[in-house]
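Student: Please find start22.txt (compact mmCIF, C-alpha atoms) on the next line:
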# COMPACT_ATOMS: atom_id res chain seq x y z
CA GLN A 480 -14.74 11.71 -4.73
CA VAL A 481 -11.00 12.01 -5.30
CA GLN A 482 -9.48 14.92 -3.46
CA LEU A 483 -6.05 16.37 -4.07
CA VAL A 484 -5.03 19.25 -1.86
CA GLU A 485 -1.94 21.29 -2.69
CA SER A 486 -0.06 23.62 -0.40
CA GLY A 487 3.22 25.46 -0.25
CA GLY A 488 2.96 28.01 -3.03
CA GLY A 489 3.97 31.62 -2.57
CA SER A 490 6.14 34.45 -3.81
CA VAL A 491 9.91 34.30 -3.95
CA GLN A 492 12.73 36.13 -5.63
CA ALA A 493 14.67 34.62 -8.48
CA GLY A 494 17.13 32.06 -7.20
CA GLY A 495 14.90 31.13 -4.29
CA SER A 496 13.24 27.86 -3.38
CA LEU A 497 9.79 26.55 -2.58
CA ARG A 498 8.38 23.18 -1.62
CA LEU A 499 4.93 22.14 -2.73
CA SER A 500 2.90 19.36 -1.13
CA CYS A 501 -0.10 17.41 -2.37
CA ALA A 502 -2.16 15.17 -0.15
CA ALA A 503 -4.49 12.61 -1.76
CA SER A 504 -7.68 11.23 -0.31
CA SER A 505 -10.45 8.95 -1.56
CA TYR A 506 -7.97 7.68 -4.13
CA THR A 507 -6.29 4.34 -4.63
CA TYR A 508 -3.01 5.97 -3.94
CA SER A 509 0.17 5.10 -5.67
CA SER A 510 2.91 7.65 -5.65
CA LYS A 511 3.86 6.54 -9.12
CA SER A 512 0.44 7.55 -10.41
CA MET A 513 0.67 11.17 -9.35
CA ALA A 514 2.40 14.10 -10.94
CA TRP A 515 2.84 17.86 -10.95
CA PHE A 516 1.66 20.15 -13.74
CA ARG A 517 1.75 23.90 -14.10
CA GLN A 518 -0.06 26.53 -16.10
CA ALA A 519 1.31 29.99 -16.74
CA PRO A 520 -0.98 32.84 -17.82
CA GLY A 521 -1.90 32.49 -21.46
CA LYS A 522 -0.24 29.10 -21.79
CA GLN A 523 -1.39 25.52 -21.82
CA ARG A 524 -1.06 23.34 -18.77
CA GLU A 525 2.12 21.27 -18.95
CA GLY A 526 3.63 18.36 -17.11
CA VAL A 527 6.50 19.28 -14.82
CA ALA A 528 7.44 16.21 -12.78
CA GLY A 529 6.17 12.70 -12.34
CA PHE A 530 7.02 9.04 -12.64
CA SER A 531 7.59 7.05 -15.78
CA SER A 532 4.95 4.46 -16.66
CA LEU A 533 7.74 2.27 -18.03
CA ASN A 534 10.01 1.92 -15.01
CA GLY A 535 8.62 4.16 -12.28
CA GLY A 536 11.63 6.43 -12.38
CA THR A 537 11.26 10.16 -11.94
CA ILE A 538 10.76 12.25 -15.05
CA TYR A 539 10.92 15.98 -15.51
CA ALA A 540 10.18 18.57 -18.11
CA ASP A 541 13.39 19.79 -19.72
CA SER A 542 12.81 23.27 -18.35
CA VAL A 543 13.05 22.10 -14.75
CA LYS A 544 15.60 19.29 -14.89
CA GLY A 545 18.30 19.71 -12.30
CA ARG A 546 16.25 22.26 -10.35
CA PHE A 547 13.05 20.47 -9.35
CA THR A 548 12.72 17.20 -7.44
CA ILE A 549 9.58 15.13 -6.99
CA SER A 550 9.31 12.85 -3.98
CA GLN A 551 6.67 11.03 -1.97
CA ASP A 552 5.65 9.94 1.51
CA ASN A 553 3.50 6.89 0.90
CA ALA A 554 2.38 6.64 4.51
CA LYS A 555 0.88 10.12 4.21
CA LYS A 556 -0.35 9.64 0.63
CA THR A 557 1.51 12.81 -0.18
CA ILE A 558 3.83 13.88 -2.94
CA TYR A 559 6.15 16.85 -2.90
CA LEU A 560 7.84 19.12 -5.40
CA GLU A 561 11.06 20.72 -4.26
CA MET A 562 11.80 23.70 -6.48
CA ASN A 563 15.22 25.34 -6.42
CA SER A 564 16.91 28.07 -8.44
CA LEU A 565 13.54 29.46 -9.37
CA THR A 566 13.29 31.92 -12.23
CA PRO A 567 10.47 34.24 -13.32
CA GLU A 568 9.69 31.70 -16.05
CA ASP A 569 8.58 29.29 -13.31
CA THR A 570 5.75 31.62 -12.36
CA ALA A 571 2.53 29.65 -12.76
CA THR A 572 -0.28 27.91 -10.99
CA TYR A 573 0.96 24.47 -10.00
CA TYR A 574 -1.45 21.55 -9.99
CA CYS A 575 -1.20 18.16 -8.43
CA ALA A 576 -2.67 15.45 -10.65
CA ALA A 577 -3.59 11.80 -10.27
CA TYR A 578 -3.83 9.06 -12.85
CA ARG A 579 -7.27 8.27 -14.21
CA PRO A 580 -7.96 5.36 -16.58
CA GLY A 581 -8.90 6.24 -20.13
CA SER A 582 -8.63 9.60 -21.83
CA GLY A 583 -10.96 12.46 -22.58
CA PRO A 584 -11.72 16.14 -22.02
CA GLY A 585 -9.87 17.68 -19.14
CA MET A 586 -7.23 14.98 -19.13
CA LEU A 587 -3.57 15.43 -19.89
CA GLN A 588 -0.76 13.02 -20.56
CA PHE A 589 2.67 12.99 -18.97
CA GLY A 590 5.22 10.24 -18.66
CA GLY A 591 3.01 7.80 -20.51
CA ARG A 592 -0.01 8.20 -18.21
CA TRP A 593 -3.24 10.10 -18.48
CA PHE A 594 -4.13 12.34 -15.57
CA GLY A 595 -7.72 13.26 -14.95
CA TYR A 596 -7.94 14.18 -11.27
CA TRP A 597 -6.74 17.64 -10.34
CA GLY A 598 -6.12 19.65 -7.24
CA GLN A 599 -7.27 23.24 -6.88
CA GLY A 600 -3.84 24.62 -7.75
CA THR A 601 -1.35 26.68 -5.82
CA GLN A 602 0.22 29.87 -7.13
CA VAL A 603 3.96 30.25 -7.45
CA THR A 604 5.26 33.71 -8.29
CA VAL A 605 8.94 34.37 -8.90
CA SER A 606 10.12 37.96 -9.15
CA SER A 607 13.33 39.10 -10.78
Let me see whether you can do it: turn the structure in this file into structure tokens.
Tutor:
Amino acid sequence: QVQLVESGGGSVQAGGSLRLSCAASSYTYSSKSMAWFRQAPGKQREGVAGFSSLNGGTIYADSVKGRFTISQDNAKKTIYLEMNSLTPEDTATYYCAAYRPGSGPGMLQFGGRWFGYWGQGTQVTVSS
């Protein structure tokens, strides 16, 4: 059973920063096969940060480029999302995701990979 456990969410004022963590267990871990998604109320879940399937480089949604940074600690099987200059539009539940072969219900694509394992989510609320 793949387990992804996020932490680090919270409430901040606009312009503030947060750092999310996601620890993976029971998973053939590769930092390049994990990513961050988010889902705002009433909106679809969207990819935020991950690693390209073509060259392994970091990739970001346009809305967070220059503000968010994804990183990893392979020894701890953990990825991070450093979020700076937060705005109210960043308010969402943030999910850690891991690559799963194939495609199907409950799976989403980002950076050329399909993600089908999900953490429980961590809430990020940014007030103006």
Student: Select, from A:Leu587, A:Cys501, A:Met513, A:Met562, the residue with the minimum atom-to-atom distance to Gly600 (chain A), counting only C-alpha atoms.
Tutor: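 Looking at the shortest contact to Gly600 (chain A), the residue is A:Cys501.
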Student: Any idea what the distance is between CA of Thr548 (chain A) and CA of Val481 (chain A)?
Tutor: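 We find that CA of Thr548 (chain A) and CA of Val481 (chain A) lie 24.4 Å from each other.
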Student: So how many Å separate CA of Gly521 (chain A) and CA of Thr570 (chain A), to one decimal?
Tutor: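 Taking CA of Gly521 (chain A) as the start and CA of Thr570 (chain A) as the end point, the length is 11.9 Å.
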Student: Using only C-alpha atoms, determine which residues lie at most 12 Å from region 542-547 of chain A, disregarding the query and same-chain residues fewer than 6 positions distant; provide the list as a list of chain:residue names.
Tutor: A:Gly494, A:Gly495, A:Ser496, A:Leu497, A:Arg498, A:Leu499, A:Trp515, A:Phe516, A:Arg517, A:Glu525, A:Gly526, A:Val527, A:Ala528, A:Gly529, A:Tyr559, A:Leu560, A:Glu561, A:Met562, A:Asn563, A:Ser564, A:Leu565, A:Thr566, A:Glu568, A:Asp569
Student: From (-0.5, 25.0, -8.1), in the file's coordinates, out to 6 Å: which residues are reached, counting only C-alpha atoms? Answer as a CSV table (one decimal) with C-alpha atoms, in the frame of the given file.
Tutor:
chain,number,residue,atom,x,y,z
A,572,THR,CA,-0.3,27.9,-11.0
A,573,TYR,CA,1.0,24.5,-10.0
A,574,TYR,CA,-1.4,21.6,-10.0
A,600,GLY,CA,-3.8,24.6,-7.8
A,601,THR,CA,-1.4,26.7,-5.8
A,602,GLN,CA,0.2,29.9,-7.1
Student: Find the distance between CA of Tyr596 (chain A) and CA of Gly489 (chain A) and write it in Å to one decimal.
Tutor: 22.8 Å
Student: Which residue gives the smallest distance to Arg524 (chain A) among A:Ser606, A:Gly590, A:Gly585, A:Arg579, with all atoms listed in the file counted?
Tutor: A:Gly585
Student: Could you write region 538-550 of chain A of the block just shown to a file containing all heavy atoms, as a short mmCIF file (atom, residue, chain, number, x, y, z; two decimals), in the first residue's frame?
Tutor:
data_model
loop_
_atom_site.label_atom_id
_atom_site.label_comp_id
_atom_site.auth_asym_id
_atom_site.auth_seq_id
_atom_site.Cartn_x
_atom_site.Cartn_y
_atom_site.Cartn_z
N ILE A 538 9.53 21.33 -13.39
CA ILE A 538 8.50 22.00 -14.17
C ILE A 538 7.47 22.58 -13.21
O ILE A 538 7.24 22.03 -12.13
CB ILE A 538 7.82 21.04 -15.17
CG1 ILE A 538 7.29 19.80 -14.46
CG2 ILE A 538 8.77 20.65 -16.29
CD1 ILE A 538 6.47 18.89 -15.34
N TYR A 539 6.88 23.68 -13.64
CA TYR A 539 5.92 24.37 -12.79
C TYR A 539 4.75 24.86 -13.62
O TYR A 539 4.88 25.17 -14.80
CB TYR A 539 6.59 25.59 -12.13
CG TYR A 539 7.76 25.23 -11.24
CD1 TYR A 539 9.06 25.24 -11.73
CD2 TYR A 539 7.55 24.87 -9.91
CE1 TYR A 539 10.13 24.90 -10.92
CE2 TYR A 539 8.61 24.54 -9.09
CZ TYR A 539 9.90 24.55 -9.61
OH TYR A 539 10.95 24.20 -8.80
N ALA A 540 3.62 24.95 -12.97
CA ALA A 540 2.48 25.62 -13.58
C ALA A 540 2.84 27.09 -13.75
O ALA A 540 3.58 27.66 -12.94
CB ALA A 540 1.25 25.46 -12.70
N ASP A 541 2.32 27.70 -14.80
CA ASP A 541 2.65 29.10 -15.07
C ASP A 541 2.30 30.00 -13.88
O ASP A 541 2.99 30.97 -13.61
CB ASP A 541 1.89 29.58 -16.31
CG ASP A 541 2.46 28.99 -17.60
OD1 ASP A 541 3.60 28.49 -17.58
OD2 ASP A 541 1.75 29.04 -18.62
N SER A 542 1.24 29.66 -13.19
CA SER A 542 0.77 30.51 -12.10
C SER A 542 1.71 30.54 -10.90
O SER A 542 1.59 31.43 -10.05
CB SER A 542 -0.62 30.04 -11.64
OG SER A 542 -0.58 28.68 -11.23
N VAL A 543 2.64 29.61 -10.83
CA VAL A 543 3.52 29.57 -9.66
C VAL A 543 5.00 29.73 -10.01
O VAL A 543 5.85 29.76 -9.13
CB VAL A 543 3.34 28.26 -8.86
CG1 VAL A 543 1.88 28.05 -8.51
CG2 VAL A 543 3.90 27.06 -9.62
N LYS A 544 5.30 29.83 -11.29
CA LYS A 544 6.70 29.98 -11.71
C LYS A 544 7.34 31.19 -11.06
O LYS A 544 6.75 32.27 -10.99
CB LYS A 544 6.77 30.11 -13.24
CG LYS A 544 6.65 28.81 -13.98
CD LYS A 544 6.76 29.02 -15.49
CE LYS A 544 6.59 27.72 -16.24
NZ LYS A 544 6.61 27.93 -17.71
N GLY A 545 8.55 30.99 -10.57
CA GLY A 545 9.27 32.07 -9.93
C GLY A 545 8.94 32.24 -8.45
O GLY A 545 9.62 33.00 -7.76
N ARG A 546 7.90 31.56 -7.98
CA ARG A 546 7.48 31.68 -6.58
C ARG A 546 7.60 30.36 -5.83
O ARG A 546 7.88 30.35 -4.63
CB ARG A 546 6.05 32.18 -6.50
CG ARG A 546 5.83 33.53 -7.15
CD ARG A 546 4.42 34.06 -6.89
NE ARG A 546 3.38 33.17 -7.41
CZ ARG A 546 2.45 32.59 -6.66
NH1 ARG A 546 2.43 32.78 -5.35
NH2 ARG A 546 1.53 31.81 -7.22
N PHE A 547 7.36 29.26 -6.51
CA PHE A 547 7.38 27.94 -5.88
C PHE A 547 8.63 27.18 -6.35
O PHE A 547 9.07 27.32 -7.49
CB PHE A 547 6.16 27.12 -6.26
CG PHE A 547 4.86 27.59 -5.66
CD1 PHE A 547 4.74 28.82 -5.05
CD2 PHE A 547 3.74 26.77 -5.72
CE1 PHE A 547 3.54 29.25 -4.50
CE2 PHE A 547 2.53 27.18 -5.18
CZ PHE A 547 2.43 28.43 -4.57
N THR A 548 9.16 26.36 -5.45
CA THR A 548 10.31 25.53 -5.77
C THR A 548 10.10 24.12 -5.23
O THR A 548 9.83 23.96 -4.03
CB THR A 548 11.60 26.11 -5.17
OG1 THR A 548 11.80 27.44 -5.66
CG2 THR A 548 12.81 25.26 -5.57
N ILE A 549 10.24 23.14 -6.11
CA ILE A 549 10.14 21.74 -5.69
C ILE A 549 11.56 21.20 -5.49
O ILE A 549 12.48 21.53 -6.25
CB ILE A 549 9.36 20.90 -6.72
CG1 ILE A 549 9.12 19.48 -6.19
CG2 ILE A 549 10.07 20.87 -8.07
CD1 ILE A 549 8.16 18.66 -7.06
N SER A 550 11.73 20.41 -4.46
CA SER A 550 13.03 19.81 -4.19
C SER A 550 12.82 18.45 -3.54
O SER A 550 11.68 18.08 -3.23
CB SER A 550 13.87 20.72 -3.29
OG SER A 550 13.24 20.92 -2.05
#
